[in-house]
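Have a look at final_3.pdb below; it lists PDB, N, CA and C atoms and all ligand atoms.
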ATOM      1  N   MET A   1      -0.869  -2.630  15.723  1.00  0.00           N
ATOM      2  CA  MET A   1       0.060  -1.579  16.134  1.00  0.00           C
ATOM      3  C   MET A   1       1.340  -1.680  15.330  1.00  0.00           C
ATOM      4  N   GLY A   2       1.473  -0.799  14.375  1.00  0.00           N
ATOM      5  CA  GLY A   2       2.664  -0.819  13.537  1.00  0.00           C
ATOM      6  C   GLY A   2       3.401   0.487  13.644  1.00  0.00           C
ATOM      7  N   SER A   3       4.634   0.469  13.225  1.00  0.00           N
ATOM      8  CA  SER A   3       5.409   1.709  13.257  1.00  0.00           C
ATOM      9  C   SER A   3       5.676   2.222  11.849  1.00  0.00           C
ATOM     10  N   LYS A   4       5.176   1.498  10.868  1.00  0.00           N
ATOM     11  CA  LYS A   4       5.257   1.948   9.482  1.00  0.00           C
ATOM     12  C   LYS A   4       3.894   1.730   8.846  1.00  0.00           C
ATOM     13  N   TYR A   5       3.582   2.538   7.851  1.00  0.00           N
ATOM     14  CA  TYR A   5       2.304   2.335   7.186  1.00  0.00           C
ATOM     15  C   TYR A   5       2.365   2.756   5.723  1.00  0.00           C
ATOM     16  N   VAL A   6       1.403   2.229   4.981  1.00  0.00           N
ATOM     17  CA  VAL A   6       1.206   2.626   3.583  1.00  0.00           C
ATOM     18  C   VAL A   6      -0.268   2.948   3.418  1.00  0.00           C
ATOM     19  N   LYS A   7      -0.550   4.100   2.869  1.00  0.00           N
ATOM     20  CA  LYS A   7      -1.926   4.431   2.495  1.00  0.00           C
ATOM     21  C   LYS A   7      -2.053   4.200   1.008  1.00  0.00           C
ATOM     22  N   CYS A   8      -3.091   3.494   0.630  1.00  0.00           N
ATOM     23  CA  CYS A   8      -3.237   3.157  -0.782  1.00  0.00           C
ATOM     24  C   CYS A   8      -3.553   4.400  -1.617  1.00  0.00           C
ATOM     25  N   ASN A   9      -4.704   5.029  -1.364  1.00  0.00           N
ATOM     26  CA  ASN A   9      -5.060   6.263  -2.076  1.00  0.00           C
ATOM     27  C   ASN A   9      -5.139   6.114  -3.579  1.00  0.00           C
ATOM     28  N   GLU A  10      -5.184   4.899  -4.044  1.00  0.00           N
ATOM     29  CA  GLU A  10      -5.253   4.697  -5.490  1.00  0.00           C
ATOM     30  C   GLU A  10      -6.697   4.857  -5.949  1.00  0.00           C
ATOM     31  N   GLN A  11      -6.863   5.419  -7.121  1.00  0.00           N
ATOM     32  CA  GLN A  11      -8.209   5.584  -7.687  1.00  0.00           C
ATOM     33  C   GLN A  11      -8.765   4.194  -7.993  1.00  0.00           C
ATOM     34  N   GLU A  12      -9.979   3.909  -7.530  1.00  0.00           N
ATOM     35  CA  GLU A  12     -10.543   2.578  -7.779  1.00  0.00           C
ATOM     36  C   GLU A  12     -11.008   2.421  -9.218  1.00  0.00           C
ATOM     37  N   TYR A  13     -11.595   3.466  -9.772  1.00  0.00           N
ATOM     38  CA  TYR A  13     -12.011   3.490 -11.163  1.00  0.00           C
ATOM     39  C   TYR A  13     -11.586   4.848 -11.697  1.00  0.00           C
ATOM     40  N   PRO A  14     -11.551   5.017 -13.014  1.00  0.00           N
ATOM     41  CA  PRO A  14     -11.108   6.309 -13.560  1.00  0.00           C
ATOM     42  C   PRO A  14     -11.838   7.494 -12.925  1.00  0.00           C
ATOM     43  N   ASP A  15     -13.144   7.357 -12.695  1.00  0.00           N
ATOM     44  CA  ASP A  15     -13.883   8.472 -12.107  1.00  0.00           C
ATOM     45  C   ASP A  15     -14.399   8.144 -10.713  1.00  0.00           C
ATOM     46  N   GLY A  16     -13.935   7.047 -10.180  1.00  0.00           N
ATOM     47  CA  GLY A  16     -14.497   6.565  -8.918  1.00  0.00           C
ATOM     48  C   GLY A  16     -13.809   7.130  -7.701  1.00  0.00           C
ATOM     49  N   PRO A  17     -14.264   6.665  -6.546  1.00  0.00           N
ATOM     50  CA  PRO A  17     -13.675   7.128  -5.286  1.00  0.00           C
ATOM     51  C   PRO A  17     -12.269   6.563  -5.121  1.00  0.00           C
ATOM     52  N   ARG A  18     -11.481   7.257  -4.332  1.00  0.00           N
ATOM     53  CA  ARG A  18     -10.160   6.732  -4.039  1.00  0.00           C
ATOM     54  C   ARG A  18     -10.272   5.605  -3.029  1.00  0.00           C
ATOM     55  N   CYS A  19      -9.413   4.619  -3.209  1.00  0.00           N
ATOM     56  CA  CYS A  19      -9.306   3.531  -2.252  1.00  0.00           C
ATOM     57  C   CYS A  19      -8.703   4.112  -0.970  1.00  0.00           C
ATOM     58  N   ASN A  20      -9.287   3.782   0.180  1.00  0.00           N
ATOM     59  CA  ASN A  20      -8.682   4.307   1.389  1.00  0.00           C
ATOM     60  C   ASN A  20      -8.133   3.217   2.299  1.00  0.00           C
ATOM     61  N   ALA A  21      -7.709   2.144   1.680  1.00  0.00           N
ATOM     62  CA  ALA A  21      -7.077   1.077   2.455  1.00  0.00           C
ATOM     63  C   ALA A  21      -5.772   1.584   3.064  1.00  0.00           C
ATOM     64  N   VAL A  22      -5.524   1.174   4.296  1.00  0.00           N
ATOM     65  CA  VAL A  22      -4.289   1.524   4.987  1.00  0.00           C
ATOM     66  C   VAL A  22      -3.689   0.253   5.554  1.00  0.00           C
ATOM     67  N   PHE A  23      -2.387   0.105   5.404  1.00  0.00           N
ATOM     68  CA  PHE A  23      -1.696  -1.076   5.916  1.00  0.00           C
ATOM     69  C   PHE A  23      -0.652  -0.636   6.919  1.00  0.00           C
ATOM     70  N   THR A  24      -0.588  -1.346   8.018  1.00  0.00           N
ATOM     71  CA  THR A  24       0.436  -1.039   9.014  1.00  0.00           C
ATOM     72  C   THR A  24       1.187  -2.312   9.366  1.00  0.00           C
ATOM     73  N   ALA A  25       2.443  -2.157   9.713  1.00  0.00           N
ATOM     74  CA  ALA A  25       3.261  -3.284  10.153  1.00  0.00           C
ATOM     75  C   ALA A  25       4.462  -2.708  10.884  1.00  0.00           C
ATOM     76  N   ASP A  26       5.131  -3.554  11.625  1.00  0.00           N
ATOM     77  CA  ASP A  26       6.306  -3.028  12.325  1.00  0.00           C
ATOM     78  C   ASP A  26       7.588  -3.328  11.559  1.00  0.00           C
ATOM     79  N   ASN A  27       7.474  -3.979  10.424  1.00  0.00           N
ATOM     80  CA  ASN A  27       8.666  -4.109   9.586  1.00  0.00           C
ATOM     81  C   ASN A  27       8.286  -4.008   8.116  1.00  0.00           C
ATOM     82  N   GLU A  28       9.260  -3.567   7.334  1.00  0.00           N
ATOM     83  CA  GLU A  28       9.013  -3.247   5.933  1.00  0.00           C
ATOM     84  C   GLU A  28       8.586  -4.466   5.137  1.00  0.00           C
ATOM     85  N   ARG A  29       9.127  -5.622   5.454  1.00  0.00           N
ATOM     86  CA  ARG A  29       8.822  -6.813   4.669  1.00  0.00           C
ATOM     87  C   ARG A  29       7.337  -7.175   4.775  1.00  0.00           C
ATOM     88  N   ASP A  30       6.821  -7.198   6.013  1.00  0.00           N
ATOM     89  CA  ASP A  30       5.411  -7.529   6.200  1.00  0.00           C
ATOM     90  C   ASP A  30       4.511  -6.481   5.552  1.00  0.00           C
ATOM     91  N   LEU A  31       4.945  -5.254   5.650  1.00  0.00           N
ATOM     92  CA  LEU A  31       4.150  -4.160   5.091  1.00  0.00           C
ATOM     93  C   LEU A  31       4.091  -4.265   3.567  1.00  0.00           C
ATOM     94  N   LEU A  32       5.224  -4.520   2.947  1.00  0.00           N
ATOM     95  CA  LEU A  32       5.250  -4.647   1.487  1.00  0.00           C
ATOM     96  C   LEU A  32       4.450  -5.864   1.047  1.00  0.00           C
ATOM     97  N   GLU A  33       4.475  -6.901   1.849  1.00  0.00           N
ATOM     98  CA  GLU A  33       3.717  -8.111   1.544  1.00  0.00           C
ATOM     99  C   GLU A  33       2.218  -7.802   1.514  1.00  0.00           C
ATOM    100  N   ALA A  34       1.744  -7.155   2.579  1.00  0.00           N
ATOM    101  CA  ALA A  34       0.312  -6.860   2.692  1.00  0.00           C
ATOM    102  C   ALA A  34      -0.128  -5.843   1.646  1.00  0.00           C
ATOM    103  N   ALA A  35       0.626  -4.760   1.528  1.00  0.00           N
ATOM    104  CA  ALA A  35       0.246  -3.711   0.587  1.00  0.00           C
ATOM    105  C   ALA A  35       0.400  -4.198  -0.847  1.00  0.00           C
ATOM    106  N   GLY A  36       1.419  -4.979  -1.087  1.00  0.00           N
ATOM    107  CA  GLY A  36       1.645  -5.516  -2.429  1.00  0.00           C
ATOM    108  C   GLY A  36       0.527  -6.452  -2.848  1.00  0.00           C
ATOM    109  N   ARG A  37       0.101  -7.303  -1.923  1.00  0.00           N
ATOM    110  CA  ARG A  37      -0.985  -8.234  -2.245  1.00  0.00           C
ATOM    111  C   ARG A  37      -2.254  -7.447  -2.569  1.00  0.00           C
ATOM    112  N   HIS A  38      -2.489  -6.405  -1.805  1.00  0.00           N
ATOM    113  CA  HIS A  38      -3.654  -5.548  -2.055  1.00  0.00           C
ATOM    114  C   HIS A  38      -3.569  -4.916  -3.447  1.00  0.00           C
ATOM    115  N   GLY A  39      -2.420  -4.364  -3.777  1.00  0.00           N
ATOM    116  CA  GLY A  39      -2.267  -3.717  -5.075  1.00  0.00           C
ATOM    117  C   GLY A  39      -2.485  -4.677  -6.227  1.00  0.00           C
ATOM    118  N   ILE A  40      -2.005  -5.890  -6.036  1.00  0.00           N
ATOM    119  CA  ILE A  40      -2.125  -6.896  -7.091  1.00  0.00           C
ATOM    120  C   ILE A  40      -3.560  -7.392  -7.199  1.00  0.00           C
ATOM    121  N   ASN A  41      -4.162  -7.751  -6.063  1.00  0.00           N
ATOM    122  CA  ASN A  41      -5.502  -8.339  -6.091  1.00  0.00           C
ATOM    123  C   ASN A  41      -6.590  -7.308  -6.358  1.00  0.00           C
ATOM    124  N   VAL A  42      -6.444  -6.129  -5.787  1.00  0.00           N
ATOM    125  CA  VAL A  42      -7.521  -5.143  -5.882  1.00  0.00           C
ATOM    126  C   VAL A  42      -7.340  -4.225  -7.080  1.00  0.00           C
ATOM    127  N   HIS A  43      -6.090  -3.837  -7.350  1.00  0.00           N
ATOM    128  CA  HIS A  43      -5.869  -2.838  -8.398  1.00  0.00           C
ATOM    129  C   HIS A  43      -5.239  -3.406  -9.657  1.00  0.00           C
ATOM    130  N   GLY A  44      -4.996  -4.700  -9.668  1.00  0.00           N
ATOM    131  CA  GLY A  44      -4.521  -5.347 -10.879  1.00  0.00           C
ATOM    132  C   GLY A  44      -3.073  -5.070 -11.243  1.00  0.00           C
ATOM    133  N   HIS A  45      -2.261  -4.686 -10.246  1.00  0.00           N
ATOM    134  CA  HIS A  45      -0.843  -4.491 -10.528  1.00  0.00           C
ATOM    135  C   HIS A  45      -0.168  -5.840 -10.768  1.00  0.00           C
ATOM    136  N   SER A  46       0.954  -5.799 -11.438  1.00  0.00           N
ATOM    137  CA  SER A  46       1.764  -7.001 -11.604  1.00  0.00           C
ATOM    138  C   SER A  46       2.834  -7.022 -10.520  1.00  0.00           C
ATOM    139  N   ASN A  47       3.193  -8.207 -10.107  1.00  0.00           N
ATOM    140  CA  ASN A  47       4.183  -8.350  -9.044  1.00  0.00           C
ATOM    141  C   ASN A  47       5.591  -8.222  -9.623  1.00  0.00           C
ATOM    142  N   THR A  48       5.943  -7.005  -9.971  1.00  0.00           N
ATOM    143  CA  THR A  48       7.244  -6.749 -10.590  1.00  0.00           C
ATOM    144  C   THR A  48       8.143  -5.985  -9.623  1.00  0.00           C
ATOM    145  N   ALA A  49       9.412  -5.925  -9.944  1.00  0.00           N
ATOM    146  CA  ALA A  49      10.346  -5.166  -9.115  1.00  0.00           C
ATOM    147  C   ALA A  49       9.965  -3.695  -9.098  1.00  0.00           C
ATOM    148  N   ALA A  50       9.506  -3.188 -10.244  1.00  0.00           N
ATOM    149  CA  ALA A  50       9.127  -1.779 -10.313  1.00  0.00           C
ATOM    150  C   ALA A  50       7.955  -1.489  -9.383  1.00  0.00           C
ATOM    151  N   PHE A  51       6.997  -2.397  -9.366  1.00  0.00           N
ATOM    152  CA  PHE A  51       5.845  -2.214  -8.486  1.00  0.00           C
ATOM    153  C   PHE A  51       6.276  -2.247  -7.025  1.00  0.00           C
ATOM    154  N   ARG A  52       7.164  -3.176  -6.685  1.00  0.00           N
ATOM    155  CA  ARG A  52       7.619  -3.256  -5.290  1.00  0.00           C
ATOM    156  C   ARG A  52       8.420  -2.009  -4.907  1.00  0.00           C
ATOM    157  N   ASN A  53       9.184  -1.487  -5.849  1.00  0.00           N
ATOM    158  CA  ASN A  53       9.909  -0.248  -5.570  1.00  0.00           C
ATOM    159  C   ASN A  53       8.940   0.903  -5.325  1.00  0.00           C
ATOM    160  N   GLN A  54       7.880   0.924  -6.108  1.00  0.00           N
ATOM    161  CA  GLN A  54       6.871   1.967  -5.944  1.00  0.00           C
ATOM    162  C   GLN A  54       6.239   1.855  -4.555  1.00  0.00           C
ATOM    163  N   MET A  55       5.908   0.625  -4.164  1.00  0.00           N
ATOM    164  CA  MET A  55       5.343   0.387  -2.829  1.00  0.00           C
ATOM    165  C   MET A  55       6.303   0.867  -1.744  1.00  0.00           C
ATOM    166  N   ARG A  56       7.556   0.541  -1.941  1.00  0.00           N
ATOM    167  CA  ARG A  56       8.551   0.895  -0.931  1.00  0.00           C
ATOM    168  C   ARG A  56       8.607   2.415  -0.762  1.00  0.00           C
ATOM    169  N   GLY A  57       8.428   3.122  -1.880  1.00  0.00           N
ATOM    170  CA  GLY A  57       8.462   4.576  -1.839  1.00  0.00           C
ATOM    171  C   GLY A  57       7.261   5.183  -1.139  1.00  0.00           C
ATOM    172  N   MET A  58       6.205   4.379  -0.940  1.00  0.00           N
ATOM    173  CA  MET A  58       4.987   4.885  -0.299  1.00  0.00           C
ATOM    174  C   MET A  58       4.998   4.654   1.207  1.00  0.00           C
ATOM    175  N   ILE A  59       5.978   3.970   1.706  1.00  0.00           N
ATOM    176  CA  ILE A  59       6.029   3.673   3.138  1.00  0.00           C
ATOM    177  C   ILE A  59       6.285   4.937   3.938  1.00  0.00           C
ATOM    178  N   LYS A  60       5.476   5.132   4.971  1.00  0.00           N
ATOM    179  CA  LYS A  60       5.652   6.265   5.877  1.00  0.00           C
ATOM    180  C   LYS A  60       5.930   5.731   7.274  1.00  0.00           C
ATOM    181  N   GLU A  61       6.702   6.496   8.015  1.00  0.00           N
ATOM    182  CA  GLU A  61       6.989   6.109   9.401  1.00  0.00           C
ATOM    183  C   GLU A  61       5.874   6.568  10.331  1.00  0.00           C
ATOM    184  N   GLY A  62       5.662   5.826  11.388  1.00  0.00           N
ATOM    185  CA  GLY A  62       4.684   6.230  12.404  1.00  0.00           C
ATOM    186  C   GLY A  62       3.344   5.559  12.186  1.00  0.00           C
ATOM    187  N   MET A  63       2.325   6.110  12.818  1.00  0.00           N
ATOM    188  CA  MET A  63       0.981   5.577  12.689  1.00  0.00           C
ATOM    189  C   MET A  63       0.216   6.424  11.682  1.00  0.00           C
ATOM    190  N   PRO A  64      -0.702   5.775  10.923  1.00  0.00           N
ATOM    191  CA  PRO A  64      -1.478   6.560   9.949  1.00  0.00           C
ATOM    192  C   PRO A  64      -2.344   7.591  10.648  1.00  0.00           C
ATOM    193  N   PRO A  65      -2.482   8.779  10.072  1.00  0.00           N
ATOM    194  CA  PRO A  65      -3.365   9.797  10.648  1.00  0.00           C
ATOM    195  C   PRO A  65      -4.810   9.331  10.566  1.00  0.00           C
ATOM    196  N   GLU A  66      -5.614   9.688  11.531  1.00  0.00           N
ATOM    197  CA  GLU A  66      -7.034   9.277  11.534  1.00  0.00           C
ATOM    198  C   GLU A  66      -7.795   9.987  10.435  1.00  0.00           C
TER     199      GLU A  66
HETATM  200 ZN    ZN B   1      -6.227   0.150  -2.757  1.00  0.00          ZN
END

Write the structure described by the file as structure tokens, please.
Ligand SMILES: [Zn+2]
Amino acid sequence: MGSKYVKCNEQEYPDGPRCNAVFTADNERDLLEAAGRHGINVHGHSNTAAFRNQMRGMIKEGMPPE
């Protein structure tokens, strides 16, 4: 039960299905931690300030839509 969420929606492969991972947390730090780890491990992002800023921009308030 979180009050903030991030939907990944990143393309898994150039022509592949979109990733539909969703992360929820009740604070931004935990959310960025979980979503950031996913982006790095699954999508090969680097753990840079720019990447974290991008993650921060994807945070939505409330619960993810079903
Ligand atoms: Zn993903």

Item to check | Exercise answer, 7 Å around ligand ZN 1 (chain B) with only C-alpha atoms and all ligand atoms, as an MDAnalysis selection string | outcome: chainID A and resid 8:10 19:21 38:39 42:43

Near range 60-65 of chain A, 10 Å: range 1-44 of chain A residue rows, closest pairs, only C-alpha atoms, as a Markdown table:
| residue | atom | partner | partner_atom | distance |
| --- | --- | --- | --- | --- |
| A:Met1 | CA | A:Met63 | CA | 8.0 |
| A:Gly2 | CA | A:Met63 | CA | 6.7 |
| A:Ser3 | CA | A:Gly62 | CA | 4.7 |
| A:Lys4 | CA | A:Glu61 | CA | 4.5 |
| A:Tyr5 | CA | A:Lys60 | CA | 5.3 |
| A:Val6 | CA | A:Lys60 | CA | 6.2 |
| A:Lys7 | CA | A:Pro64 | CA | 7.8 |
| A:Val22 | CA | A:Pro64 | CA | 7.6 |
| A:Phe23 | CA | A:Pro64 | CA | 8.6 |
| A:Thr24 | CA | A:Met63 | CA | 7.6 |
| A:Ala25 | CA | A:Met63 | CA | 9.5 |
| A:Asp26 | CA | A:Gly62 | CA | 9.4 |

Next on the checklist: Given only C-alpha atoms as the basis, pick out the residue of A:Glu12, A:Arg18, A:Met55, A:Ser46 nearest to Ala34 in chain A.
Outcome noted: A:Met55

Kindly list the centre and edge lengths in Å, rounded to one decimal, for the axis-aligned box that covers all listed atoms of range 30-39 of chain A plus 3 Å on each of its six sides, as AutoDock Vina command-line options.
--center_x 1.6 --center_y -6.0 --center_z 0.0 --size_x 16.5 --size_y 10.5 --size_z 18.4

Item to check | Residues within 12 Å of Thr48 in chain A, only C-alpha atoms, excluding chain neighbours under 5 positions, as a list in words | outcome: Gly36, Arg37, Gly39, Ile40, Asn53, Gln54 and Met55 of chain A

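Atom N of Gly44 in chain A lies 9.8 Å from atom C of Gln11 in chain A.
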
Item to check | Residue set, range 6-51 of chain A restricted to strand (DSSP E), as number ranges by chain | outcome: A: 6-7, 22-25

Next on the checklist: Which of chain A end up as alpha helix (DSSP H) when DSSP is run on this backbone - answer as a ChimeraX atom specification?
Outcome noted: /A:28-43,49-58

Checklist entry - Any idea what the distance is between CA of Met58 in chain A and CA of Pro14 in chain A? => result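 Interatomic distance, CA of Met58 in chain A to CA of Pro14 in chain A: 20.9 Å.
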